[in-house]
Amino acid sequence: MIFKILGSLVIIGACSFVGHQISNELRGRVKTLEGWQCALLQIENYICFTKMPLAEIYKQQSTIKGEVGDFFKKLLQYDVQRVDTKALWNKEIEKIPYMTKEDKDILLMLAENLGTSITETQVNTIELIKKNIEQNLFEAKENEKRDAKMYKTISFFTGVGIAILLC
Amino acid sequence: MKIKMNLEPVLRCLPQNVAAAAAKYEVEEIRILADKPVIIYISGEGFFVNNMGDITSVQNNGVIITKSMLNEIFRIICDNSIYAVEDEIRCGYITIQGGHRVGICGTAVIKSGQISTIKNISALNIRVAKQAIGTAKEIIPIVMDKIVRNTLIVSPPGCGKTTMLRDIARILGFTYRVGIADERSEIAAVYQGIPQNDIGVRSVVMDACPKDVAINMLIRSMGVEVILTDEIGSMADVEAIKSALNAGVKIIASAHGYSHKDIIKKPYIKDLIGEYGFEKVITLSRKYGVGTVEEVVEFDI
C-alpha cells in the first residue's frame with residue numbers, strides 16, 4: 001500500500017512539475033520581452049542622444065540582470081567592432097530561452113539594420129521593432145493569464161488521473 | 001625627431017593580403033577603389049599589392065577590391081556603427097583609432113540643401129597618421145621667449161603647419177594650460193573622446209566643433225592660458241580670436257599663405273596682425289623637408 005501511495009505521489013509530482021515548467025515558460029517569455037522593451041528604449045536613447053557605438057552599447061546592456069543582459073554579455077565575447085552584427089546576433093539569438101521564433105525574428109530584423117545607417121533611420125527602425133515587441137508582449141501576457149493556471153491545474157489532475165488508473 | 005605610429009587599427013580593417021603588405025613597409029597612404037586594384041603609397045610612390053601580401057609595381061598582379069569588400073572595409077572602419085560617425089561622414093572623412101584619417105567618396109545624399117550622408121561608397125583613402133615628436137624644437141624658442149607669444153604659422157598646404165601645431169601643443173602642454181580648438185580632428189586626432197596624439201599633460205581638446213565656438217567655450221569653461229587652432233580664415237574665427245586676446249589668452253594659430261606679406265593682404269586675418277594681435281608670423285616651406293622655417297617676422301606692439 002505504501003508503495004502505491006508513494007508511486008502515486010511521484011506521478012502527481014512529476015505531472016505537476018511539467019505543468020509548472022510550461023507556465024514558467026509563459027511567464028519567462030513575458031519577462032524576457034519586457035526586458036527587451038526596456039533595452040530597446042535604452043539603445044534608442046544611446047544612439048539618438050549620445051551616438052554611442054554598438055560595442056559600448058553592448059557593454060552597457062550587459063550589466064542588466066536577466067536574459068537580455070546575458071545575451072549582450074555573450075555578444076561581448078566576440079570582436080563586435082569587426083564581426084557583422086546580423087551574423088553575430090543570428091548566432092546568439094537562438095540561445096535566448098523562452099522566446100518564440102516570432103520574437104526572435106523581430107530581433108533579427110533589428111540586427112539586420114542596427115548600426116548600418118544614420119541616426120534618423122536607426123531610430124525609425126527601433127520604433128518599429130518596439131511596436132512589434134509590444135504586440136508580442138501583449139499576446140504573451142494574454143497567453144500567460146489564460147494558460148498558465150490552466151496548465152498547472154491540468155497537469156496536476158492528469159497526474160491524479162494516472163495515479164488512480166494505475167492503482 | 002621621433003616618429004610615433006600605431007598601424008594596428010588600420011590593419012584590422014583591411015583584407016589579409018593588403019594588411020600583410022601594409023605591415024611590412026612604412027606606409028603613408030592606402031587607396032581603395034571599388035573594383036580596382038588597391039594602391040599603397042610608400043615614400044610618395046604608389047605600389048599595388050599582390051596575392052602573396054607584398055607590393056608590386058605590376059598593375060595586373062594587383063589585388064582587386066570588389067564593391068562588397070569595400071563595403072565590408074567601410075563597415076569595420078565605422079566599428080559597425082555608422083550613426084556614431086555620421087557627422088564625420090558628412091564631412092567626407094572618419095578618424096579611426098590611432099588618429100588615422102579615412103577619406104570617403106561616394107554619392108552624397110542631400111536633405112534640406114545639406115549633405116545628410118554618403119551612400120554607394122566607391123573609394124576610401126586611408127592616410128596613416130604619424131606623430132613627429134620634436135618637429136617644433138626649432139620654433140619653440142620663437143614662440144616662447146620668456147612668455148608665450150601670439151604666433152601665426154603660415155604655409156601652403158603640405159608644409160607641416162598642423163604637425164608643428166601638434167608638437168607645440170605637446171611641448172607647451174607640459175607647463176601651460178593649453179586648449180586646442182580642433183575643428184577637423186587633425187591636431188589631436190580624437191577617437192571616442194581620447195586624443196590619439198600626444199598633446200601634453202595639461203592640454204584639453206574641443207573636438208569637431210567650429211573653431212569660433214570652440215575658442216569661446218575654452219575661454220569660458222576651461223581656464224586655458226594658451227589656445228591652439230588650425231587654418232583660421234573666416235570672420236567668425238577672427239572675432240573669436242579677438243575675444244580670446246581680450247581675455248588675456250595667448251593664441252597660436254595657423255593659416256594658408258606663402259609669407260607674412262601674403263597674410264596681411266587677406267581679409268579678416270590682416271586685422272589680427274600686429275597691434276593687439278599676432279606678435280610673430282612664422283612661414284614654413286618644404287625647402288629642406290617638411291616644416292622648414294622659411295621666415296620669422298616680428299611685429300612691434
# chains A, B, ... in the order shown; residues from 1 in each chain; ligands from 1

call {"tool": "residues_around", "arguments": {"residues": "Ile264 of chain B", "least_positions_apart": "2", "cutoff": "12 Å", "atoms": "only C-alpha atoms", "output": "JSON, numbers by chain"}}
result
{"B": [152, 154, 233, 255, 256, 257, 258, 259, 260, 261, 262, 266, 267, 268, 269, 270, 271, 272, 273, 274, 278, 281, 297, 299]}

call {"tool": "interface_residues", "arguments": {"of": "chain B", "to": "chain A", "cutoff": "6 Å", "atoms": "only C-alpha atoms", "output": "list of chain:residue names"}}
result
B:Ile76, B:Asp79, B:Asn80, B:Ser81, B:Ile82, B:Tyr83, B:Ala84

call {"tool": "write_last_selection", "arguments": {"atoms": "N, CA and C atoms", "output": "PDB file, in the first residue's frame"}}
result
ATOM      1  N   ILE B  76      33.733  47.987 -41.083  1.00  0.00           N
ATOM      2  CA  ILE B  76      34.683  47.785 -39.983  1.00  0.00           C
ATOM      3  C   ILE B  76      35.285  49.123 -39.556  1.00  0.00           C
ATOM      4  N   ASP B  79      33.274  50.795 -37.154  1.00  0.00           N
ATOM      5  CA  ASP B  79      33.041  49.966 -35.956  1.00  0.00           C
ATOM      6  C   ASP B  79      31.609  49.443 -35.918  1.00  0.00           C
ATOM      7  N   ASN B  80      31.041  49.117 -37.052  1.00  0.00           N
ATOM      8  CA  ASN B  80      29.660  48.616 -37.134  1.00  0.00           C
ATOM      9  C   ASN B  80      28.641  49.640 -36.662  1.00  0.00           C
ATOM     10  N   SER B  81      29.010  50.902 -36.611  1.00  0.00           N
ATOM     11  CA  SER B  81      28.103  51.929 -36.067  1.00  0.00           C
ATOM     12  C   SER B  81      28.170  53.189 -36.937  1.00  0.00           C
ATOM     13  N   ILE B  82      27.521  53.147 -38.077  1.00  0.00           N
ATOM     14  CA  ILE B  82      27.571  54.296 -38.996  1.00  0.00           C
ATOM     15  C   ILE B  82      27.008  55.556 -38.344  1.00  0.00           C
ATOM     16  N   TYR B  83      25.925  55.398 -37.565  1.00  0.00           N
ATOM     17  CA  TYR B  83      25.307  56.567 -36.923  1.00  0.00           C
ATOM     18  C   TYR B  83      26.297  57.307 -36.020  1.00  0.00           C
ATOM     19  N   ALA B  84      27.238  56.565 -35.431  1.00  0.00           N
ATOM     20  CA  ALA B  84      28.181  57.173 -34.487  1.00  0.00           C
ATOM     21  C   ALA B  84      29.181  58.089 -35.183  1.00  0.00           C
TER      22      ALA B  84
END

call {"tool": "select_by_dssp", "arguments": {"residues": "segment 50-298 of chain B", "states": "helix (DSSP H, G or I)", "output": "number ranges by chain"}}
result
B: 59-61, 67-77, 82-91, 135-137, 140-143, 161-172, 211-221, 235-246, 260-263, 269-272

call {"tool": "write_last_selection", "arguments": {"atoms": "C-alpha atoms", "output": "mmCIF file, in the first residue's frame"}}
result
data_model
loop_
_atom_site.group_PDB
_atom_site.id
_atom_site.type_symbol
_atom_site.label_atom_id
_atom_site.label_comp_id
_atom_site.auth_asym_id
_atom_site.auth_seq_id
_atom_site.Cartn_x
_atom_site.Cartn_y
_atom_site.Cartn_z
ATOM 1 C CA GLN B 59 49.143 46.515 -62.076
ATOM 2 C CA ASN B 60 47.912 43.171 -63.439
ATOM 3 C CA ASN B 61 49.218 41.399 -60.322
ATOM 4 C CA LYS B 67 32.369 46.631 -54.146
ATOM 5 C CA SER B 68 31.244 44.195 -51.440
ATOM 6 C CA MET B 69 34.772 44.051 -49.985
ATOM 7 C CA LEU B 70 34.858 47.841 -49.947
ATOM 8 C CA ASN B 71 31.540 47.925 -48.075
ATOM 9 C CA GLU B 72 32.933 45.400 -45.623
ATOM 10 C CA ILE B 73 36.027 47.561 -45.027
ATOM 11 C CA PHE B 74 33.808 50.628 -44.565
ATOM 12 C CA ARG B 75 31.634 48.723 -42.057
ATOM 13 C CA ILE B 76 34.683 47.785 -39.983
ATOM 14 C CA ILE B 77 36.092 51.314 -40.224
ATOM 15 C CA ILE B 82 27.571 54.296 -38.996
ATOM 16 C CA TYR B 83 25.307 56.567 -36.923
ATOM 17 C CA ALA B 84 28.181 57.173 -34.487
ATOM 18 C CA VAL B 85 30.330 58.707 -37.234
ATOM 19 C CA GLU B 86 27.611 60.264 -39.386
ATOM 20 C CA ASP B 87 28.817 63.831 -38.741
ATOM 21 C CA GLU B 88 32.297 62.847 -39.890
ATOM 22 C CA ILE B 89 30.899 61.024 -42.925
ATOM 23 C CA ARG B 90 29.083 64.231 -43.884
ATOM 24 C CA CYS B 91 32.467 65.990 -43.875
ATOM 25 C CA THR B 135 59.453 68.902 -35.044
ATOM 26 C CA ALA B 136 58.731 72.115 -33.162
ATOM 27 C CA LYS B 137 62.091 72.111 -31.353
ATOM 28 C CA ILE B 140 59.685 76.779 -29.710
ATOM 29 C CA PRO B 141 62.262 79.498 -28.758
ATOM 30 C CA ILE B 142 60.494 81.801 -31.238
ATOM 31 C CA VAL B 143 57.010 81.031 -29.904
ATOM 32 C CA LYS B 161 51.594 73.515 -40.150
ATOM 33 C CA THR B 162 49.402 71.011 -38.338
ATOM 34 C CA THR B 163 52.345 68.774 -37.398
ATOM 35 C CA MET B 164 54.067 71.848 -35.987
ATOM 36 C CA LEU B 165 50.984 72.925 -34.008
ATOM 37 C CA ARG B 166 50.623 69.420 -32.600
ATOM 38 C CA ASP B 167 54.186 69.400 -31.375
ATOM 39 C CA ILE B 168 53.882 72.918 -29.959
ATOM 40 C CA ALA B 169 50.781 71.751 -28.054
ATOM 41 C CA ARG B 170 52.743 68.785 -26.708
ATOM 42 C CA ILE B 171 55.653 70.951 -25.540
ATOM 43 C CA LEU B 172 53.571 73.827 -24.117
ATOM 44 C CA LYS B 211 36.699 76.978 -34.255
ATOM 45 C CA ASP B 212 34.944 80.159 -33.128
ATOM 46 C CA VAL B 213 32.538 78.242 -30.866
ATOM 47 C CA ALA B 214 35.351 76.069 -29.512
ATOM 48 C CA ILE B 215 37.581 79.075 -28.714
ATOM 49 C CA ASN B 216 34.793 80.800 -26.787
ATOM 50 C CA MET B 217 33.977 77.605 -24.900
ATOM 51 C CA LEU B 218 37.619 77.036 -23.977
ATOM 52 C CA ILE B 219 37.973 80.607 -22.667
ATOM 53 C CA ARG B 220 34.780 80.444 -20.639
ATOM 54 C CA SER B 221 34.937 76.985 -19.183
ATOM 55 C CA MET B 235 35.392 86.456 -39.873
ATOM 56 C CA ALA B 236 33.955 84.296 -37.081
ATOM 57 C CA ASP B 237 37.433 82.829 -36.409
ATOM 58 C CA VAL B 238 38.953 86.302 -36.219
ATOM 59 C CA GLU B 239 36.223 87.568 -33.871
ATOM 60 C CA ALA B 240 36.709 84.570 -31.587
ATOM 61 C CA ILE B 241 40.488 85.118 -31.544
ATOM 62 C CA LYS B 242 39.940 88.784 -30.672
ATOM 63 C CA SER B 243 37.811 87.821 -27.700
ATOM 64 C CA ALA B 244 40.481 85.329 -26.611
ATOM 65 C CA LEU B 245 43.132 88.041 -26.826
ATOM 66 C CA ASN B 246 40.880 90.403 -24.852
ATOM 67 C CA HIS B 260 53.588 87.369 -43.969
ATOM 68 C CA LYS B 261 53.152 89.714 -46.938
ATOM 69 C CA ASP B 262 50.572 87.380 -48.352
ATOM 70 C CA ILE B 263 48.788 87.193 -44.996
ATOM 71 C CA ILE B 269 43.216 87.849 -40.821
ATOM 72 C CA LYS B 270 45.024 91.107 -41.594
ATOM 73 C CA ASP B 271 43.120 92.669 -38.654
ATOM 74 C CA LEU B 272 44.910 90.287 -36.328
#

call {"tool": "closest_residue", "arguments": {"among": "A:Ile96, A:Ile64, A:Ile126, A:Arg146", "to": "Asn45 of chain A", "atoms": "only C-alpha atoms"}}
result
A:Ile126

call {"tool": "atom_distance", "arguments": {"atom1": "atom CA of Met52 of chain B", "atom2": "atom CA of Thr95 of chain B"}}
result
28.9 Å

call {"tool": "atom_distance", "arguments": {"atom1": "atom CA of Ala163 of chain A", "atom2": "atom CA of Asn24 of chain A"}}
result
24.3 Å

call {"tool": "closest_residue", "arguments": {"among": "B:Ser254, B:Arg31, B:Ile55, B:Glu225", "to": "Ser155 of chain B", "atoms": "only C-alpha atoms"}}
result
B:Ser254

call {"tool": "residues_around", "arguments": {"residues": "Lys145 of chain A", "least_positions_apart": "6", "cutoff": "10 Å", "atoms": "only C-alpha atoms", "output": "PyMOL selection string"}}
result
chain A and resi 23+26-27+139

call {"tool": "write_last_selection", "arguments": {"atoms": "N, CA and C atoms", "output": "CSV table (one decimal), in the first residue's frame"}}
result
chain,number,residue,atom,x,y,z
A,23,SER,N,4.1,26.7,-17.5
A,23,SER,CA,3.7,28.0,-17.1
A,23,SER,C,4.9,28.9,-16.9
A,26,LEU,N,5.8,30.4,-20.1
A,26,LEU,CA,4.9,31.5,-20.5
A,26,LEU,C,5.3,32.8,-19.7
A,27,ARG,N,5.6,32.6,-18.4
A,27,ARG,CA,6.0,33.8,-17.6
A,27,ARG,C,7.4,34.3,-18.1
A,139,GLU,N,0.4,39.8,-26.4
A,139,GLU,CA,-0.1,38.4,-26.7
A,139,GLU,C,0.5,37.5,-25.7

call {"tool": "select_by_dssp", "arguments": {"residues": "segment 124-262 of chain B", "states": "strand (DSSP E or B)", "output": "ChimeraX atom specification"}}
result
/B:124-127,131-133,144-145,147-148,151-155,178-182,190-191,194-195,203-207,226-229,250-256

call {"tool": "atom_distance", "arguments": {"atom1": "atom CA of Gly291 of chain B", "atom2": "atom CA of Gln97 of chain B"}}
result
25.5 Å

call {"tool": "residues_around", "arguments": {"residues": "segment 7-10 of chain A", "least_positions_apart": "2", "cutoff": "10 Å", "atoms": "only C-alpha atoms", "output": "list in words"}}
result
Met1, Ile2, Phe3, Lys4, Ile5, Ile12, Gly13, Ala14, Cys15, Ser16, Gly159, Val160, Gly161, Ile162, Ala163, Ile164, Leu165, Leu166 and Cys167 of chain A

call {"tool": "write_last_selection", "arguments": {"atoms": "N, CA and C atoms", "output": "tab-separated table (two decimals), in the first residue's frame"}}
result
chain	number	residue	atom	x	y	z
A	1	MET	N	0.83	-1.22	0.00
A	1	MET	CA	0.00	0.00	0.00
A	1	MET	C	0.86	1.27	0.00
A	2	ILE	N	1.88	1.15	0.87
A	2	ILE	CA	2.78	2.33	0.98
A	2	ILE	C	3.46	2.64	-0.36
A	3	PHE	N	3.79	1.57	-1.11
A	3	PHE	CA	4.40	1.78	-2.44
A	3	PHE	C	3.44	2.45	-3.40
A	4	LYS	N	2.18	2.04	-3.29
A	4	LYS	CA	1.15	2.64	-4.16
A	4	LYS	C	1.03	4.13	-3.89
A	5	ILE	N	1.01	4.46	-2.59
A	5	ILE	CA	0.87	5.89	-2.21
A	5	ILE	C	2.09	6.68	-2.70
A	12	ILE	N	2.01	12.24	-9.52
A	12	ILE	CA	1.35	13.55	-9.41
A	12	ILE	C	2.41	14.66	-9.41
A	13	GLY	N	3.48	14.42	-8.65
A	13	GLY	CA	4.58	15.42	-8.58
A	13	GLY	C	5.19	15.68	-9.95
A	14	ALA	N	5.45	14.57	-10.67
A	14	ALA	CA	6.08	14.70	-12.00
A	14	ALA	C	5.19	15.47	-12.96
A	15	CYS	N	3.90	15.11	-12.95
A	15	CYS	CA	2.96	15.79	-13.87
A	15	CYS	C	2.85	17.27	-13.50
A	16	SER	N	2.76	17.54	-12.17
A	16	SER	CA	2.65	18.95	-11.73
A	16	SER	C	3.89	19.73	-12.15
A	159	GLY	N	-1.99	13.99	-13.46
A	159	GLY	CA	-1.20	13.16	-12.54
A	159	GLY	C	-2.11	12.35	-11.64
A	160	VAL	N	-3.14	13.01	-11.10
A	160	VAL	CA	-4.09	12.32	-10.21
A	160	VAL	C	-4.79	11.20	-10.99
A	161	GLY	N	-5.19	11.55	-12.21
A	161	GLY	CA	-5.90	10.57	-13.06
A	161	GLY	C	-5.04	9.35	-13.32
A	162	ILE	N	-3.81	9.57	-13.71
A	162	ILE	CA	-2.89	8.45	-13.99
A	162	ILE	C	-2.70	7.60	-12.73
A	163	ALA	N	-2.54	8.29	-11.61
A	163	ALA	CA	-2.32	7.58	-10.34
A	163	ALA	C	-3.52	6.69	-10.02
A	164	ILE	N	-4.73	7.23	-10.21
A	164	ILE	CA	-5.95	6.44	-9.92
A	164	ILE	C	-6.02	5.22	-10.85
A	165	LEU	N	-5.74	5.47	-12.13
A	165	LEU	CA	-5.79	4.37	-13.10
A	165	LEU	C	-4.82	3.25	-12.75
A	166	LEU	N	-3.60	3.66	-12.36
A	166	LEU	CA	-2.59	2.65	-12.05
A	166	LEU	C	-2.87	1.90	-10.75
A	167	CYS	N	-3.53	2.59	-9.84
A	167	CYS	CA	-3.87	1.93	-8.57
A	167	CYS	C	-5.00	0.91	-8.79

call {"tool": "residues_around", "arguments": {"residues": "Phe138 of chain A", "least_positions_apart": "6", "cutoff": "10 Å", "atoms": "only C-alpha atoms", "output": "CSV table (one decimal) with C-alpha atoms, in the first residue's frame"}}
result
chain,number,residue,atom,x,y,z
A,30,VAL,CA,6.7,37.9,-20.7
A,33,LEU,CA,10.0,40.6,-23.8
A,132,ASN,CA,6.3,44.7,-32.8
A,144,GLU,CA,0.1,33.7,-19.6
